file model.txt (compact mmCIF, N, CA and C atoms)
# COMPACT_ATOMS: atom_id res chain seq x y z
N MET A 2 -14.33 -0.46 -14.68
CA MET A 2 -14.18 -1.90 -14.82
C MET A 2 -15.44 -2.46 -15.45
N SER A 3 -15.25 -3.24 -16.49
CA SER A 3 -16.37 -3.86 -17.18
C SER A 3 -16.55 -5.30 -16.71
N ILE A 4 -17.75 -5.65 -16.35
CA ILE A 4 -18.03 -7.01 -15.89
C ILE A 4 -17.78 -8.02 -17.01
N GLY A 5 -17.88 -7.59 -18.28
CA GLY A 5 -17.66 -8.47 -19.42
C GLY A 5 -16.23 -8.94 -19.56
N LYS A 6 -15.28 -8.27 -18.91
CA LYS A 6 -13.88 -8.68 -18.98
C LYS A 6 -13.55 -9.81 -17.99
N MET A 7 -14.49 -10.10 -17.10
CA MET A 7 -14.27 -11.16 -16.10
C MET A 7 -14.70 -12.49 -16.70
N ARG A 8 -13.80 -13.10 -17.47
CA ARG A 8 -14.11 -14.31 -18.22
C ARG A 8 -13.49 -15.57 -17.64
N SER A 9 -12.57 -15.44 -16.73
CA SER A 9 -11.88 -16.61 -16.18
C SER A 9 -12.64 -17.14 -14.97
N LYS A 10 -12.98 -18.43 -15.01
CA LYS A 10 -13.67 -19.04 -13.88
C LYS A 10 -12.63 -19.51 -12.87
N LEU A 11 -12.76 -19.06 -11.65
CA LEU A 11 -11.81 -19.38 -10.58
C LEU A 11 -12.54 -19.93 -9.37
N GLN A 12 -11.77 -20.51 -8.48
CA GLN A 12 -12.28 -20.99 -7.20
C GLN A 12 -11.55 -20.30 -6.07
N ILE A 13 -12.28 -19.88 -5.08
CA ILE A 13 -11.65 -19.40 -3.84
C ILE A 13 -11.61 -20.60 -2.91
N GLN A 14 -10.41 -20.87 -2.36
CA GLN A 14 -10.25 -21.98 -1.44
C GLN A 14 -9.68 -21.47 -0.12
N ARG A 15 -10.15 -22.09 0.97
CA ARG A 15 -9.73 -21.66 2.31
C ARG A 15 -8.97 -22.78 3.00
N PHE A 16 -7.89 -22.41 3.67
CA PHE A 16 -7.02 -23.29 4.44
C PHE A 16 -7.80 -23.81 5.65
N THR A 17 -7.83 -25.14 5.83
CA THR A 17 -8.56 -25.74 6.94
C THR A 17 -7.68 -26.80 7.60
N LYS A 18 -7.63 -26.77 8.93
CA LYS A 18 -6.92 -27.80 9.69
C LYS A 18 -7.96 -28.66 10.38
N THR A 19 -7.80 -29.98 10.26
CA THR A 19 -8.68 -30.90 10.97
C THR A 19 -7.82 -31.86 11.78
N PRO A 20 -8.19 -32.11 13.04
CA PRO A 20 -7.40 -33.03 13.87
C PRO A 20 -7.39 -34.42 13.27
N ASP A 21 -6.23 -35.09 13.34
CA ASP A 21 -6.12 -36.44 12.77
C ASP A 21 -6.26 -37.53 13.82
N GLY A 22 -6.52 -37.17 15.06
CA GLY A 22 -6.72 -38.16 16.11
C GLY A 22 -5.43 -38.63 16.77
N GLY A 23 -4.30 -38.30 16.22
CA GLY A 23 -3.02 -38.71 16.78
C GLY A 23 -2.24 -37.55 17.34
N GLY A 24 -2.90 -36.44 17.59
CA GLY A 24 -2.24 -35.25 18.12
C GLY A 24 -1.78 -34.28 17.05
N GLY A 25 -1.86 -34.67 15.81
CA GLY A 25 -1.48 -33.79 14.70
C GLY A 25 -2.71 -33.24 14.00
N ALA A 26 -2.49 -32.73 12.83
CA ALA A 26 -3.60 -32.17 12.07
C ALA A 26 -3.38 -32.41 10.59
N THR A 27 -4.48 -32.57 9.88
CA THR A 27 -4.45 -32.69 8.43
C THR A 27 -4.80 -31.32 7.86
N VAL A 28 -3.99 -30.87 6.92
CA VAL A 28 -4.20 -29.55 6.33
C VAL A 28 -4.75 -29.72 4.92
N VAL A 29 -5.90 -29.11 4.67
CA VAL A 29 -6.52 -29.17 3.34
C VAL A 29 -7.05 -27.78 2.97
N PHE A 30 -7.27 -27.58 1.68
CA PHE A 30 -7.92 -26.37 1.21
C PHE A 30 -9.33 -26.76 0.78
N SER A 31 -10.33 -26.07 1.31
CA SER A 31 -11.73 -26.33 1.01
C SER A 31 -12.28 -25.25 0.10
N LYS A 32 -13.14 -25.64 -0.83
CA LYS A 32 -13.75 -24.68 -1.75
C LYS A 32 -14.72 -23.78 -1.01
N VAL A 33 -14.57 -22.46 -1.22
CA VAL A 33 -15.47 -21.47 -0.63
C VAL A 33 -16.49 -21.02 -1.66
N ALA A 34 -16.02 -20.72 -2.88
CA ALA A 34 -16.93 -20.20 -3.90
C ALA A 34 -16.31 -20.31 -5.28
N ASP A 35 -17.17 -20.38 -6.29
CA ASP A 35 -16.76 -20.24 -7.69
C ASP A 35 -17.02 -18.80 -8.09
N ILE A 36 -16.05 -18.18 -8.74
CA ILE A 36 -16.19 -16.77 -9.15
C ILE A 36 -15.68 -16.60 -10.58
N PHE A 37 -16.02 -15.48 -11.18
CA PHE A 37 -15.44 -15.09 -12.46
C PHE A 37 -14.55 -13.89 -12.22
N ALA A 38 -13.44 -13.84 -12.95
CA ALA A 38 -12.45 -12.79 -12.71
C ALA A 38 -11.72 -12.44 -13.99
N GLN A 39 -11.01 -11.34 -13.93
CA GLN A 39 -10.08 -10.94 -14.98
C GLN A 39 -8.68 -11.12 -14.42
N ILE A 40 -7.84 -11.91 -15.10
CA ILE A 40 -6.47 -12.14 -14.65
C ILE A 40 -5.53 -11.38 -15.58
N MET A 41 -4.71 -10.51 -14.99
CA MET A 41 -3.76 -9.72 -15.78
C MET A 41 -2.34 -9.97 -15.25
N PRO A 42 -1.46 -10.56 -16.08
CA PRO A 42 -0.08 -10.76 -15.63
C PRO A 42 0.60 -9.42 -15.36
N LYS A 43 1.39 -9.38 -14.31
CA LYS A 43 2.07 -8.13 -13.94
C LYS A 43 3.56 -8.23 -14.25
N ASP A 44 4.24 -9.21 -13.67
CA ASP A 44 5.65 -9.41 -13.97
C ASP A 44 6.07 -10.83 -13.60
N ALA A 45 7.25 -11.22 -14.08
CA ALA A 45 7.79 -12.55 -13.78
C ALA A 45 9.25 -12.38 -13.38
N LYS A 46 9.66 -13.19 -12.42
CA LYS A 46 11.04 -13.11 -11.93
C LYS A 46 11.58 -14.52 -11.76
N GLU A 47 12.88 -14.64 -11.93
CA GLU A 47 13.59 -15.87 -11.62
C GLU A 47 14.65 -15.52 -10.58
N ASN A 48 14.80 -16.41 -9.62
CA ASN A 48 15.88 -16.19 -8.65
C ASN A 48 16.38 -17.54 -8.16
N LEU A 49 17.51 -17.51 -7.50
CA LEU A 49 18.14 -18.71 -6.98
C LEU A 49 17.68 -18.92 -5.55
N PHE A 50 17.14 -20.11 -5.28
CA PHE A 50 16.66 -20.44 -3.94
C PHE A 50 17.03 -21.89 -3.65
N GLY A 51 17.86 -22.12 -2.67
CA GLY A 51 18.28 -23.47 -2.32
C GLY A 51 19.00 -24.19 -3.45
N ASP A 52 19.90 -23.49 -4.12
CA ASP A 52 20.67 -24.03 -5.24
C ASP A 52 19.81 -24.43 -6.44
N GLN A 53 18.62 -23.88 -6.52
CA GLN A 53 17.75 -24.15 -7.66
C GLN A 53 17.13 -22.84 -8.15
N MET A 54 16.90 -22.78 -9.46
CA MET A 54 16.22 -21.62 -10.02
C MET A 54 14.72 -21.79 -9.78
N ARG A 55 14.06 -20.71 -9.39
CA ARG A 55 12.61 -20.76 -9.25
C ARG A 55 12.01 -19.56 -9.95
N GLU A 56 10.84 -19.75 -10.48
CA GLU A 56 10.15 -18.69 -11.21
C GLU A 56 8.89 -18.31 -10.44
N VAL A 57 8.69 -17.03 -10.28
CA VAL A 57 7.49 -16.51 -9.62
C VAL A 57 6.88 -15.46 -10.53
N THR A 58 5.59 -15.62 -10.80
CA THR A 58 4.87 -14.68 -11.65
C THR A 58 3.83 -13.93 -10.82
N SER A 59 3.82 -12.61 -10.92
CA SER A 59 2.84 -11.79 -10.21
C SER A 59 1.69 -11.45 -11.15
N HIS A 60 0.49 -11.43 -10.59
CA HIS A 60 -0.72 -11.12 -11.35
C HIS A 60 -1.58 -10.13 -10.58
N VAL A 61 -2.43 -9.44 -11.32
CA VAL A 61 -3.49 -8.64 -10.73
C VAL A 61 -4.79 -9.32 -11.14
N ILE A 62 -5.62 -9.67 -10.16
CA ILE A 62 -6.89 -10.35 -10.41
C ILE A 62 -8.01 -9.43 -9.97
N MET A 63 -8.93 -9.15 -10.89
CA MET A 63 -10.09 -8.30 -10.59
C MET A 63 -11.33 -9.18 -10.42
N ILE A 64 -12.05 -8.99 -9.30
CA ILE A 64 -13.28 -9.74 -9.05
C ILE A 64 -14.33 -8.78 -8.51
N ARG A 65 -15.56 -9.26 -8.46
CA ARG A 65 -16.61 -8.49 -7.79
C ARG A 65 -16.34 -8.54 -6.29
N TYR A 66 -16.79 -7.53 -5.58
CA TYR A 66 -16.51 -7.41 -4.14
C TYR A 66 -17.05 -8.61 -3.37
N ARG A 67 -16.24 -9.10 -2.45
CA ARG A 67 -16.63 -10.17 -1.53
C ARG A 67 -16.16 -9.79 -0.13
N ARG A 68 -17.01 -9.98 0.84
CA ARG A 68 -16.66 -9.66 2.21
C ARG A 68 -15.79 -10.73 2.87
N ASP A 69 -15.89 -11.96 2.38
CA ASP A 69 -15.27 -13.08 3.07
C ASP A 69 -13.87 -13.44 2.58
N LEU A 70 -13.29 -12.68 1.68
CA LEU A 70 -11.97 -12.99 1.14
C LEU A 70 -10.87 -12.49 2.08
N SER A 71 -9.83 -13.33 2.29
CA SER A 71 -8.73 -12.91 3.16
C SER A 71 -7.40 -13.35 2.56
N HIS A 72 -6.31 -12.88 3.16
CA HIS A 72 -4.97 -13.22 2.70
C HIS A 72 -4.65 -14.70 2.93
N ALA A 73 -5.37 -15.35 3.82
CA ALA A 73 -5.13 -16.76 4.10
C ALA A 73 -5.73 -17.67 3.03
N ASP A 74 -6.58 -17.13 2.18
CA ASP A 74 -7.22 -17.91 1.12
C ASP A 74 -6.27 -18.04 -0.07
N ARG A 75 -6.66 -18.88 -1.02
CA ARG A 75 -5.94 -18.96 -2.27
C ARG A 75 -6.95 -19.03 -3.41
N ILE A 76 -6.48 -18.77 -4.61
CA ILE A 76 -7.33 -18.78 -5.79
C ILE A 76 -6.80 -19.85 -6.74
N VAL A 77 -7.70 -20.66 -7.28
CA VAL A 77 -7.32 -21.77 -8.15
C VAL A 77 -8.08 -21.66 -9.47
N GLN A 78 -7.34 -21.85 -10.56
CA GLN A 78 -7.95 -21.90 -11.89
C GLN A 78 -7.67 -23.27 -12.49
N GLU A 79 -8.73 -23.95 -12.90
CA GLU A 79 -8.59 -25.24 -13.58
C GLU A 79 -9.18 -25.09 -14.97
N HIS A 80 -8.42 -25.51 -15.97
CA HIS A 80 -8.92 -25.46 -17.34
C HIS A 80 -8.35 -26.62 -18.14
N PHE A 81 -9.01 -26.93 -19.24
CA PHE A 81 -8.60 -28.03 -20.10
C PHE A 81 -8.06 -27.48 -21.41
N ARG A 82 -6.94 -28.02 -21.84
CA ARG A 82 -6.36 -27.65 -23.12
C ARG A 82 -5.78 -28.92 -23.74
N ASP A 83 -6.14 -29.19 -24.98
CA ASP A 83 -5.68 -30.38 -25.71
C ASP A 83 -5.99 -31.66 -24.93
N GLY A 84 -7.12 -31.69 -24.25
CA GLY A 84 -7.55 -32.87 -23.51
C GLY A 84 -6.86 -33.06 -22.17
N LEU A 85 -6.01 -32.12 -21.76
CA LEU A 85 -5.31 -32.22 -20.49
C LEU A 85 -5.82 -31.16 -19.51
N LYS A 86 -5.91 -31.54 -18.25
CA LYS A 86 -6.34 -30.60 -17.21
C LYS A 86 -5.13 -29.83 -16.68
N HIS A 87 -5.24 -28.52 -16.67
CA HIS A 87 -4.17 -27.66 -16.15
C HIS A 87 -4.72 -26.92 -14.93
N THR A 88 -3.90 -26.82 -13.90
CA THR A 88 -4.30 -26.14 -12.67
C THR A 88 -3.28 -25.05 -12.35
N ARG A 89 -3.79 -23.87 -12.09
CA ARG A 89 -2.94 -22.75 -11.67
C ARG A 89 -3.36 -22.37 -10.25
N ILE A 90 -2.37 -22.17 -9.37
CA ILE A 90 -2.65 -21.80 -7.99
C ILE A 90 -2.03 -20.44 -7.71
N PHE A 91 -2.87 -19.54 -7.19
CA PHE A 91 -2.44 -18.17 -6.90
C PHE A 91 -2.51 -17.92 -5.40
N ALA A 92 -1.42 -17.45 -4.82
CA ALA A 92 -1.40 -17.03 -3.43
C ALA A 92 -1.79 -15.55 -3.37
N ILE A 93 -2.67 -15.21 -2.46
CA ILE A 93 -3.13 -13.82 -2.32
C ILE A 93 -2.11 -13.05 -1.50
N LYS A 94 -1.57 -11.98 -2.07
CA LYS A 94 -0.58 -11.15 -1.40
C LYS A 94 -1.15 -9.82 -0.93
N GLY A 95 -2.23 -9.37 -1.56
CA GLY A 95 -2.85 -8.10 -1.18
C GLY A 95 -4.25 -8.00 -1.75
N ILE A 96 -5.14 -7.33 -1.02
CA ILE A 96 -6.53 -7.15 -1.45
C ILE A 96 -6.88 -5.68 -1.34
N LYS A 97 -7.44 -5.14 -2.41
CA LYS A 97 -7.75 -3.71 -2.43
C LYS A 97 -9.20 -3.52 -2.88
N ASN A 98 -9.97 -2.78 -2.10
CA ASN A 98 -11.34 -2.43 -2.45
C ASN A 98 -11.27 -1.20 -3.36
N ILE A 99 -11.59 -1.37 -4.63
CA ILE A 99 -11.43 -0.29 -5.61
C ILE A 99 -12.32 0.90 -5.25
N ASN A 100 -11.70 2.05 -5.05
CA ASN A 100 -12.37 3.33 -4.74
C ASN A 100 -13.29 3.26 -3.53
N ASN A 101 -13.13 2.26 -2.67
CA ASN A 101 -13.99 2.08 -1.49
C ASN A 101 -15.47 2.09 -1.83
N GLU A 102 -15.80 1.53 -2.99
CA GLU A 102 -17.20 1.50 -3.42
C GLU A 102 -17.86 0.14 -3.16
N PHE A 103 -17.11 -0.84 -2.69
CA PHE A 103 -17.62 -2.18 -2.40
C PHE A 103 -18.29 -2.82 -3.62
N ARG A 104 -17.69 -2.57 -4.80
CA ARG A 104 -18.19 -3.17 -6.04
C ARG A 104 -17.19 -4.14 -6.63
N TYR A 105 -15.91 -3.75 -6.65
CA TYR A 105 -14.86 -4.58 -7.23
C TYR A 105 -13.66 -4.65 -6.29
N MET A 106 -12.91 -5.75 -6.43
CA MET A 106 -11.69 -5.91 -5.64
C MET A 106 -10.53 -6.19 -6.59
N GLN A 107 -9.40 -5.63 -6.26
CA GLN A 107 -8.16 -5.87 -6.99
C GLN A 107 -7.27 -6.71 -6.08
N ILE A 108 -6.89 -7.88 -6.57
CA ILE A 108 -6.10 -8.81 -5.77
C ILE A 108 -4.69 -8.90 -6.35
N ALA A 109 -3.69 -8.65 -5.53
CA ALA A 109 -2.31 -8.90 -5.92
C ALA A 109 -2.04 -10.36 -5.61
N ALA A 110 -1.68 -11.14 -6.63
CA ALA A 110 -1.51 -12.57 -6.45
C ALA A 110 -0.17 -13.02 -7.03
N GLN A 111 0.30 -14.16 -6.52
CA GLN A 111 1.57 -14.72 -6.97
C GLN A 111 1.38 -16.18 -7.35
N GLU A 112 1.96 -16.55 -8.48
CA GLU A 112 1.88 -17.92 -8.98
C GLU A 112 3.31 -18.45 -9.14
N GLY A 113 3.52 -19.69 -8.76
CA GLY A 113 4.84 -20.27 -8.95
C GLY A 113 5.41 -20.82 -7.66
N ALA A 114 6.72 -20.91 -7.58
CA ALA A 114 7.39 -21.49 -6.42
C ALA A 114 7.04 -20.71 -5.16
N GLY A 115 6.85 -21.43 -4.09
CA GLY A 115 6.53 -20.79 -2.82
C GLY A 115 5.05 -20.60 -2.60
N VAL A 116 4.23 -20.97 -3.57
CA VAL A 116 2.78 -20.86 -3.41
C VAL A 116 2.29 -22.16 -2.78
N PRO A 117 1.54 -22.08 -1.67
CA PRO A 117 1.08 -23.32 -1.01
C PRO A 117 0.17 -24.13 -1.92
N THR A 118 0.40 -25.45 -1.94
CA THR A 118 -0.44 -26.33 -2.78
C THR A 118 -1.30 -27.24 -1.96

call {"tool": "encode", "arguments": {"input": "model.txt", "output": "structure tokens"}}
result
Amino acid sequence: MSIGKMRSKLQIQRFTKTPDGGGGATVVFSKVADIFAQIMPKDAKENLFGDQMREVTSHVIMIRYRRDLSHADRIVQEHFRDGLKHTRIFAIKGIKNINNEFRYMQIAAQEGAGVPT
């Protein structure tokens, strides 16, 4: 794995619940870290869910090793194109420590319907 291929700037965000004072809770995602990664599309599928078509795209994301990453986190990419801000949200489905060397991680991620926003 070449560090030079990690050109996409991403954010790791963590799910946080804070009490709202009325017995409920407010759910937000808080920024944990800014990282650089390589995003590689794996496959895309369409299926019928609740009488609607939904599209889900799977990706493999390569990053430098981090101890604090978990399946409960999400990865966000924000970029500008033609003066417009675009945001992509990836749900983490699996985390793999490449060759158990604690240098790089391979993340199986999903983008599209069913990804928490």

call {"tool": "atom_distance", "arguments": {"input": "model.txt", "atom1": "atom C of Asp83 of chain A", "atom2": "atom CA of Ala45 of chain A"}}
result
26.1 Å

call {"tool": "atom_distance", "arguments": {"input": "model.txt", "atom1": "atom CA of Ala92 of chain A", "atom2": "atom C of Val57 of chain A"}}
result
11.0 Å

call {"tool": "residues_around", "arguments": {"input": "model.txt", "residues": "segment 12-15 of chain A", "least_positions_apart": "5", "cutoff": "7 Å", "atoms": "only N, CA and C atoms", "output": "PyMOL selection string"}}
result
chain A and resi 29-36+73-79

call {"tool": "write_last_selection", "arguments": {"input": "model.txt", "atoms": "N, CA and C atoms", "output": "mmCIF file, in the frame of the given file"}}
result
data_model
loop_
_atom_site.group_PDB
_atom_site.id
_atom_site.type_symbol
_atom_site.label_atom_id
_atom_site.label_comp_id
_atom_site.auth_asym_id
_atom_site.auth_seq_id
_atom_site.Cartn_x
_atom_site.Cartn_y
_atom_site.Cartn_z
ATOM 1 N N VAL A 29 -5.900 -29.110 4.670
ATOM 2 C CA VAL A 29 -6.520 -29.170 3.340
ATOM 3 C C VAL A 29 -7.050 -27.780 2.970
ATOM 4 N N PHE A 30 -7.270 -27.580 1.680
ATOM 5 C CA PHE A 30 -7.920 -26.370 1.210
ATOM 6 C C PHE A 30 -9.330 -26.760 0.780
ATOM 7 N N SER A 31 -10.330 -26.070 1.310
ATOM 8 C CA SER A 31 -11.730 -26.330 1.010
ATOM 9 C C SER A 31 -12.280 -25.250 0.100
ATOM 10 N N LYS A 32 -13.140 -25.640 -0.830
ATOM 11 C CA LYS A 32 -13.750 -24.680 -1.750
ATOM 12 C C LYS A 32 -14.720 -23.780 -1.010
ATOM 13 N N VAL A 33 -14.570 -22.460 -1.220
ATOM 14 C CA VAL A 33 -15.470 -21.470 -0.630
ATOM 15 C C VAL A 33 -16.490 -21.020 -1.660
ATOM 16 N N ALA A 34 -16.020 -20.720 -2.880
ATOM 17 C CA ALA A 34 -16.930 -20.200 -3.900
ATOM 18 C C ALA A 34 -16.310 -20.310 -5.280
ATOM 19 N N ASP A 35 -17.170 -20.380 -6.290
ATOM 20 C CA ASP A 35 -16.760 -20.240 -7.690
ATOM 21 C C ASP A 35 -17.020 -18.800 -8.090
ATOM 22 N N ILE A 36 -16.050 -18.180 -8.740
ATOM 23 C CA ILE A 36 -16.190 -16.770 -9.150
ATOM 24 C C ILE A 36 -15.680 -16.600 -10.580
ATOM 25 N N ALA A 73 -5.370 -15.350 3.820
ATOM 26 C CA ALA A 73 -5.130 -16.760 4.100
ATOM 27 C C ALA A 73 -5.730 -17.670 3.030
ATOM 28 N N ASP A 74 -6.580 -17.130 2.180
ATOM 29 C CA ASP A 74 -7.220 -17.910 1.120
ATOM 30 C C ASP A 74 -6.270 -18.040 -0.070
ATOM 31 N N ARG A 75 -6.660 -18.880 -1.020
ATOM 32 C CA ARG A 75 -5.940 -18.960 -2.270
ATOM 33 C C ARG A 75 -6.950 -19.030 -3.410
ATOM 34 N N ILE A 76 -6.480 -18.770 -4.610
ATOM 35 C CA ILE A 76 -7.330 -18.780 -5.790
ATOM 36 C C ILE A 76 -6.800 -19.850 -6.740
ATOM 37 N N VAL A 77 -7.700 -20.660 -7.280
ATOM 38 C CA VAL A 77 -7.320 -21.770 -8.150
ATOM 39 C C VAL A 77 -8.080 -21.660 -9.470
ATOM 40 N N GLN A 78 -7.340 -21.850 -10.560
ATOM 41 C CA GLN A 78 -7.950 -21.900 -11.890
ATOM 42 C C GLN A 78 -7.670 -23.270 -12.490
ATOM 43 N N GLU A 79 -8.730 -23.950 -12.900
ATOM 44 C CA GLU A 79 -8.590 -25.240 -13.580
ATOM 45 C C GLU A 79 -9.180 -25.090 -14.970
#

call {"tool": "select_by_dssp", "arguments": {"input": "model.txt", "residues": "segment 6-76 of chain A", "states": "strand (DSSP E)", "output": "number ranges by chain"}}
result
A: 9-20, 26-50, 53-65, 75-76

call {"tool": "residues_around", "arguments": {"input": "model.txt", "residues": "Ile62 of chain A", "least_positions_apart": "5", "cutoff": "6 Å", "atoms": "all atoms listed in the file", "output": "PDB file with N, CA and C atoms, in the coordinates of the input"}}
result
ATOM      1  N   GLN A  39     -11.010 -11.340 -13.930  1.00  0.00           N
ATOM      2  CA  GLN A  39     -10.080 -10.940 -14.980  1.00  0.00           C
ATOM      3  C   GLN A  39      -8.680 -11.120 -14.420  1.00  0.00           C
ATOM      4  N   ILE A  40      -7.840 -11.910 -15.100  1.00  0.00           N
ATOM      5  CA  ILE A  40      -6.470 -12.140 -14.650  1.00  0.00           C
ATOM      6  C   ILE A  40      -5.530 -11.380 -15.580  1.00  0.00           C
ATOM      7  N   MET A  41      -4.710 -10.510 -14.990  1.00  0.00           N
ATOM      8  CA  MET A  41      -3.760  -9.720 -15.780  1.00  0.00           C
ATOM      9  C   MET A  41      -2.340  -9.970 -15.250  1.00  0.00           C
ATOM     10  N   MET A 106     -12.910  -5.750  -6.430  1.00  0.00           N
ATOM     11  CA  MET A 106     -11.690  -5.910  -5.640  1.00  0.00           C
ATOM     12  C   MET A 106     -10.530  -6.190  -6.590  1.00  0.00           C
ATOM     13  N   GLN A 107      -9.400  -5.630  -6.260  1.00  0.00           N
ATOM     14  CA  GLN A 107      -8.160  -5.870  -6.990  1.00  0.00           C
ATOM     15  C   GLN A 107      -7.270  -6.710  -6.080  1.00  0.00           C
ATOM     16  N   ILE A 108      -6.890  -7.880  -6.570  1.00  0.00           N
ATOM     17  CA  ILE A 108      -6.100  -8.810  -5.770  1.00  0.00           C
ATOM     18  C   ILE A 108      -4.690  -8.900  -6.350  1.00  0.00           C
ATOM     19  N   ALA A 109      -3.690  -8.650  -5.530  1.00  0.00           N
ATOM     20  CA  ALA A 109      -2.310  -8.900  -5.920  1.00  0.00           C
ATOM     21  C   ALA A 109      -2.040 -10.360  -5.610  1.00  0.00           C
ATOM     22  N   ALA A 110      -1.680 -11.140  -6.630  1.00  0.00           N
ATOM     23  CA  ALA A 110      -1.510 -12.570  -6.450  1.00  0.00           C
ATOM     24  C   ALA A 110      -0.170 -13.020  -7.030  1.00  0.00           C
TER      25      ALA A 110
END

call {"tool": "atom_distance", "arguments": {"input": "model.txt", "atom1": "atom C of Arg65 of chain A", "atom2": "atom C of Ala38 of chain A"}}
result
9.8 Å

call {"tool": "closest_residue", "arguments": {"input": "model.txt", "among": "A:Ser9, A:Ile4, A:Ile96, A:Phe103", "to": "Leu70 of chain A", "atoms": "all atoms listed in the file"}}
result
A:Ile96
